[in-house]
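One file, structure_10.cif, is given below (mmCIF, C-alpha atoms).
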```cif
data_query
loop_
_atom_site.label_atom_id
_atom_site.label_comp_id
_atom_site.auth_asym_id
_atom_site.auth_seq_id
_atom_site.Cartn_x
_atom_site.Cartn_y
_atom_site.Cartn_z
CA MET A 23 -9.42 -8.33 -1.56
CA ALA A 24 -8.36 -9.08 2.03
CA THR A 25 -11.11 -10.03 4.47
CA SER A 26 -11.45 -8.59 7.96
CA GLN A 27 -9.80 -11.74 9.33
CA ASP A 28 -6.75 -11.07 7.12
CA ILE A 29 -6.24 -7.47 8.22
CA THR A 30 -3.21 -6.69 10.39
CA ARG A 31 -3.89 -3.75 12.72
CA VAL A 32 -0.85 -1.45 12.93
CA ILE A 33 0.27 1.39 15.21
CA ILE A 34 3.15 3.76 14.40
CA VAL A 35 5.16 5.25 17.29
CA GLU A 36 7.46 7.94 15.88
CA ASP A 37 8.11 11.48 17.12
CA GLU A 38 8.91 13.00 13.69
CA TYR A 39 5.80 13.83 11.69
CA GLN A 40 7.51 13.52 8.30
CA SER A 41 8.80 10.06 9.20
CA ARG A 42 5.31 8.99 10.31
CA ARG A 43 3.85 10.28 7.05
CA TYR A 44 6.47 8.50 4.94
CA LEU A 45 5.89 5.22 6.76
CA ARG A 46 2.12 5.66 6.48
CA GLU A 47 2.36 6.28 2.72
CA LEU A 48 4.48 3.15 2.15
CA LEU A 49 2.23 1.01 4.32
CA ALA A 50 -0.76 2.17 2.30
CA GLY A 51 0.51 -0.08 -0.47
CA GLU A 52 0.25 -3.17 1.75
CA GLU A 53 -3.17 -4.72 1.14
CA THR A 54 -3.46 -6.49 4.50
CA ILE A 55 -2.28 -3.56 6.65
CA ALA A 56 -4.63 -1.15 8.43
CA ILE A 57 -3.11 1.70 10.45
CA VAL A 58 -5.30 2.12 13.53
CA GLY A 59 -3.28 4.72 15.40
CA GLU A 60 -0.20 6.94 15.53
CA ALA A 61 1.76 8.27 18.51
CA GLY A 62 4.32 11.07 18.59
CA SER A 63 6.05 10.05 21.83
CA GLY A 64 6.88 7.01 23.89
CA ALA A 65 4.25 7.79 26.53
CA GLU A 66 1.56 8.21 23.88
CA GLY A 67 2.71 4.95 22.33
CA VAL A 68 2.35 3.04 25.60
CA ASP A 69 -1.18 4.39 26.09
CA LEU A 70 -2.18 3.67 22.48
CA ILE A 71 -0.86 0.12 22.52
CA ARG A 72 -2.68 -0.67 25.75
CA ARG A 73 -5.96 0.80 24.45
CA MET A 74 -5.88 -0.52 20.88
CA SER A 75 -4.13 -3.92 21.30
CA PRO A 76 -2.69 -3.82 17.74
CA ASP A 77 -1.20 -6.79 15.91
CA LEU A 78 1.96 -4.96 14.83
CA VAL A 79 3.80 -1.83 16.02
CA PHE A 80 6.49 0.22 14.25
CA ILE A 81 8.68 1.92 16.89
CA ASP A 82 11.35 4.60 16.66
CA ILE A 83 14.39 4.28 18.96
CA GLN A 84 15.05 7.88 20.01
CA MET A 85 12.07 9.93 21.18
CA PRO A 86 11.83 13.04 23.38
CA ASP A 87 10.42 11.42 26.54
CA PHE A 88 11.83 7.90 26.49
CA ASN A 89 13.21 5.56 23.87
CA GLY A 90 11.74 2.54 22.14
CA PHE A 91 13.32 0.10 24.59
CA ASP A 92 11.77 1.99 27.50
CA LEU A 93 8.41 1.70 25.76
CA ILE A 94 8.80 -2.08 25.52
CA ALA A 95 9.81 -2.25 29.18
CA GLN A 96 6.69 -0.28 30.12
CA ILE A 97 4.42 -2.69 28.24
CA GLY A 98 6.45 -5.81 29.04
CA VAL A 99 8.21 -7.99 26.46
CA ARG A 100 5.68 -10.83 26.86
CA GLN A 101 2.74 -8.43 26.55
CA MET A 102 4.09 -6.55 23.53
CA PRO A 103 2.46 -7.04 20.15
CA VAL A 104 4.78 -8.04 17.32
CA PHE A 105 7.01 -5.01 16.69
CA ILE A 106 9.58 -3.61 14.26
CA PHE A 107 12.13 -0.90 15.03
CA VAL A 108 12.46 1.92 12.47
CA THR A 109 15.38 4.19 13.31
CA ALA A 110 18.25 6.31 12.06
CA TYR A 111 20.58 4.66 14.59
CA PRO A 112 22.26 1.40 13.46
CA ASP A 113 23.96 0.70 16.79
CA TYR A 114 21.07 -0.94 18.63
CA ALA A 115 20.39 -3.91 16.34
CA VAL A 116 21.70 -6.62 18.67
CA ARG A 117 19.76 -5.19 21.61
CA ALA A 118 16.64 -4.99 19.43
CA PHE A 119 16.69 -8.70 18.65
CA GLU A 120 17.41 -9.52 22.28
CA VAL A 121 13.96 -8.09 23.08
CA GLU A 122 12.49 -10.14 20.20
CA ALA A 123 12.01 -7.45 17.57
CA VAL A 124 10.88 -8.92 14.25
CA ASP A 125 13.14 -6.58 12.32
CA TYR A 126 15.37 -3.51 12.57
CA ILE A 127 14.98 -1.04 9.69
CA CYS A 128 17.53 1.75 9.35
CA LYS A 129 16.54 5.05 7.74
CA PRO A 130 16.51 5.80 4.89
CA PHE A 131 14.63 2.81 3.52
CA ASP A 132 12.41 2.12 0.51
CA ARG A 133 9.17 0.26 -0.18
CA ASP A 134 10.91 -3.04 -0.94
CA ARG A 135 12.76 -3.02 2.39
CA LEU A 136 9.56 -2.24 4.26
CA SER A 137 7.59 -4.92 2.39
CA ALA A 138 10.19 -7.54 3.31
CA SER A 139 9.88 -6.50 6.94
CA VAL A 140 6.08 -6.66 6.84
CA GLU A 141 6.24 -10.17 5.36
CA ARG A 142 8.53 -11.24 8.21
CA ALA A 143 6.08 -9.80 10.75
CA LEU A 144 3.14 -11.59 9.13
CA ARG A 145 5.03 -14.88 9.34
CA ARG A 146 5.64 -14.27 13.05
CA LEU A 147 1.94 -13.57 13.55
CA GLN A 148 1.00 -16.76 11.70
CA ILE A 149 3.32 -18.78 13.94
CA GLN A 150 1.79 -17.21 17.04
CA ASP A 151 -1.71 -17.97 15.79
CA SER A 152 -0.77 -21.57 15.07
CA LEU A 153 0.74 -22.04 18.52
CA ALA A 154 -2.30 -20.51 20.17
CA ALA A 155 -4.61 -22.78 18.19
CA ALA A 156 -2.56 -25.83 19.15
CA GLU A 157 -2.78 -24.94 22.84
CA ASP A 158 -6.58 -24.74 22.57
CA LEU A 159 -6.92 -28.26 21.19
CA SER A 160 -8.11 -30.83 23.70
CA ALA A 161 -6.40 -33.73 21.96
CA ALA A 162 -5.20 -36.96 23.59
CA PRO A 163 -1.78 -36.82 25.21
CA ILE A 164 1.09 -37.08 22.74
CA ALA A 165 4.21 -39.06 23.50
CA VAL A 166 7.17 -36.85 24.39
CA GLU A 167 9.96 -36.86 21.81
CA GLN A 168 13.04 -38.70 22.98
CA TRP A 169 15.97 -36.38 22.38
CA LEU A 170 19.49 -37.71 22.07
CA SER A 171 21.51 -37.96 25.29
CA ARG A 172 24.65 -39.18 23.50
CA ILE A 173 25.93 -39.35 19.92
CA THR A 174 27.28 -42.65 18.63
CA ILE A 175 30.40 -42.34 16.47
CA LYS A 176 32.22 -45.13 14.63
CA GLU A 177 35.99 -44.76 14.63
CA ASN A 178 38.84 -47.00 13.47
CA GLU A 179 39.40 -48.33 16.95
CA GLY A 180 35.70 -49.02 17.54
CA ILE A 181 32.64 -47.07 18.68
CA ILE A 182 32.63 -44.12 21.06
CA PHE A 183 29.75 -42.28 22.69
CA VAL A 184 29.86 -38.48 22.99
CA PRO A 185 27.51 -37.10 25.68
CA VAL A 186 25.29 -34.44 24.12
CA ASN A 187 25.81 -32.17 27.13
CA GLU A 188 29.52 -31.94 26.18
CA VAL A 189 28.85 -30.73 22.62
CA LEU A 190 29.60 -27.04 22.03
CA TRP A 191 28.92 -26.80 18.31
CA ILE A 192 28.53 -28.91 15.19
CA GLU A 193 29.53 -28.15 11.61
CA ALA A 194 28.74 -29.87 8.32
CA ALA A 195 31.65 -31.17 6.22
CA ASP A 196 30.42 -32.74 2.96
CA LYS A 197 28.82 -36.08 3.94
CA TYR A 198 30.20 -35.80 7.45
CA ILE A 199 29.74 -33.62 10.51
CA VAL A 200 32.40 -32.39 12.92
CA ILE A 201 31.29 -32.42 16.56
CA HIS A 202 33.22 -29.93 18.69
CA THR A 203 33.57 -30.43 22.44
CA ALA A 204 35.83 -28.71 24.97
CA HIS A 205 38.23 -31.67 24.87
CA ARG A 206 38.44 -32.79 21.22
CA ASN A 207 36.63 -32.91 17.87
CA HIS A 208 34.86 -35.95 16.46
CA LEU A 209 34.09 -36.80 12.83
CA ALA A 210 30.84 -38.67 12.15
CA ARG A 211 29.27 -39.83 8.90
CA GLN A 212 25.76 -38.35 8.94
CA THR A 213 24.01 -35.18 7.81
CA ILE A 214 23.67 -32.14 10.00
CA GLN A 215 19.91 -32.10 9.36
CA SER A 216 19.43 -35.65 10.63
CA LEU A 217 21.32 -34.82 13.81
CA GLU A 218 19.47 -31.54 14.34
CA ASN A 219 16.16 -33.44 14.29
CA ARG A 220 17.36 -35.49 17.28
CA LEU A 221 18.77 -32.63 19.39
CA ASP A 222 16.63 -30.92 22.01
CA PRO A 223 15.75 -27.44 20.64
CA LYS A 224 15.82 -26.09 24.19
CA ASP A 225 19.59 -26.64 24.15
CA PHE A 226 20.65 -26.24 20.50
CA VAL A 227 19.97 -23.71 17.75
CA ARG A 228 20.84 -23.58 14.04
CA ILE A 229 22.79 -20.46 13.05
CA HIS A 230 23.74 -21.40 9.49
CA ARG A 231 22.86 -24.13 7.01
CA SER A 232 26.11 -25.83 8.05
CA THR A 233 26.30 -24.94 11.76
CA ILE A 234 24.45 -25.79 15.00
CA VAL A 235 25.51 -24.35 18.37
CA ARG A 236 24.71 -25.08 21.99
CA LYS A 237 22.74 -22.10 23.29
CA ALA A 238 24.61 -22.11 26.60
CA ALA A 239 27.95 -21.88 24.74
CA VAL A 240 27.10 -18.55 23.07
CA ARG A 241 29.16 -15.81 24.70
CA GLY A 242 28.22 -12.86 22.49
CA LEU A 243 27.57 -11.42 19.04
CA HIS A 244 29.32 -9.00 16.72
CA PRO A 245 27.34 -7.43 13.84
CA LEU A 246 28.61 -7.72 10.26
CA PHE A 247 27.20 -6.34 7.02
CA HIS A 248 23.91 -7.32 5.31
CA GLY A 249 22.28 -8.68 8.46
CA ASP A 250 24.93 -11.29 9.33
CA TYR A 251 26.59 -11.60 12.74
CA ILE A 252 29.64 -13.28 14.23
CA VAL A 253 28.66 -15.62 17.07
CA ARG A 254 31.40 -15.95 19.69
CA LEU A 255 31.44 -19.14 21.75
CA THR A 256 32.92 -19.94 25.14
CA ASP A 257 35.66 -22.04 23.53
CA GLY A 258 36.85 -19.07 21.45
CA ALA A 259 35.23 -20.18 18.19
CA GLU A 260 33.79 -17.41 15.99
CA LEU A 261 30.98 -18.59 13.71
CA THR A 262 28.69 -16.87 11.22
CA LEU A 263 25.03 -16.29 12.05
CA SER A 264 23.38 -16.19 8.62
CA ARG A 265 20.58 -13.67 8.10
CA ASN A 266 18.36 -16.58 6.98
CA TYR A 267 18.56 -17.98 10.52
CA ARG A 268 18.70 -14.64 12.35
CA GLU A 269 15.06 -14.33 13.35
CA SER A 270 14.86 -17.95 14.50
CA PHE A 271 18.12 -17.59 16.45
CA PHE A 272 17.05 -14.55 18.45
CA HIS A 273 13.64 -16.06 19.13
CA LYS A 274 15.05 -19.38 20.36
CA MET A 275 17.79 -17.72 22.42
CA SER A 276 15.08 -15.86 24.36
CA LEU A 277 13.24 -19.07 25.33
#
```

Show the structure stored in the file as structure tokens.
Amino acid sequence: MATSQDITRVIIVEDEYQSRRYLRELLAGEETIAIVGEAGSGAEGVDLIRRMSPDLVFIDIQMPDFNGFDLIAQIGVRQMPVFIFVTAYPDYAVRAFEVEAVDYICKPFDRDRLSASVERALRRLQIQDSLAAAEDLSAAPIAVEQWLSRITIKENEGIIFVPVNEVLWIEAADKYIVIHTAHRNHLARQTIQSLENRLDPKDFVRIHRSTIVRKAAVRGLHPLFHGDYIVRLTDGAELTLSRNYRESFFHKMSL
């Protein structure tokens, strides 16, 4: 049985009563979830969130007074609890992740789809708790990680150095990686994981098990099926954002 410390306090903001009831019935099967409030409009949702300070909020997109994005703007993205959109409209997914939604569930959905979304939200809450705990520690100063400023590449004619600030994206190719810049591509014998560990995460983000991109080079996104996206870069490249990296991508792009 879950303890009080394990319980995730949930609010549902949805104008349709039947939709609220369906969501409530499915959430009843989640052992660690406790629904502490329901709102039938955006304005009621804003008031309830401010009064109850829940851990997790399920939000509809279209509501009579104002939509789910307006609700988030009223609260403030940084002040919002972890939230999931539940909607009949599939067209707002990219915008949803731009405001750091944990997930975007399209109606109709079943218990398995909801459970997967709840698990994702719980992972986000665990990460937030861990970060908060780390900030509270009064430990001795830790040496700052030295991120790469240039990548050393051995070529037939010798060794060249590629400035990291010129790299647009990197792809894995068997035991090699291909480093793409605006001027030319470079082939280096190392793994993409070993290079990722040396790149500043403020500047680079993993979008696929075989692809890393410079955040500043991302021009836009185009949704595909099954939660994947096409990432368009400033050099014209079109790369796949895998659903396994989707949540991390949208979180890191907002930092």

Written as a count of residues only, what is the full residue list that the PyMOL selection byres ((chain A and resi 142-147) around 12) yields on the file shown? 42

In Å, how far is it from CA of Thr174 (chain A) to CA of Leu217 (chain A)?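 If I compute the distance from CA of Thr174 (chain A) to CA of Leu217 (chain A), I get 11.0 Å.
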
Expand the PyMOL selection byres ((chain A and resi 83) around 10) into the individual residues it matches in the shown file, reporting them as number ranges by chain. A: 35-37, 64, 81-82, 84-85, 88-93, 107-111, 114, 118

Return as a ChimeraX atom specification the set of residues that the PyMOL selection byres ((chain A and resi 265) around 12) yields on the displayed structure. /A:125,228-231,245-252,262-264,266-272

So which residues touch Glu188 (chain A) within 12 Å, counting all atoms listed in the file, skipping near sequence neighbours fewer than 6 positions away, as an MDAnalysis selection string? chainID A and resid 171:173 201:208 225:226 235:236 238:239 257

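Picture a line from CA of Gln101 (chain A) to CA of Leu45 (chain A); it runs 24.2 Å.
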
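Using all atoms listed in the file, the smallest distance between any of A:Ile127, A:Ile57, A:Leu170, A:Val116 and Asn187 (chain A) comes from A:Leu170.
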
What does the distance from CA of Val253 (chain A) to CA of Val240 (chain A) come to in Å, to one decimal? 6.9 Å

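The residue that comes closest to Trp169 (chain A), out of A:Leu209, A:Ala65, A:Val186, A:Leu261 and on the basis of all atoms listed in the file, is A:Val186.
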
With distances taken over only C-alpha atoms, which of A:Ala210, A:Asp196, A:Ile234, A:Tyr44 is nearest to Ile181 (chain A)? A:Ala210

Between A:Leu255, A:Ser41, A:Arg133, A:Gly59, single out the one closest to Val189 (chain A), counting all atoms listed in the file.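 Ranked by minimum distance to Val189 (chain A), first place goes to A:Leu255.
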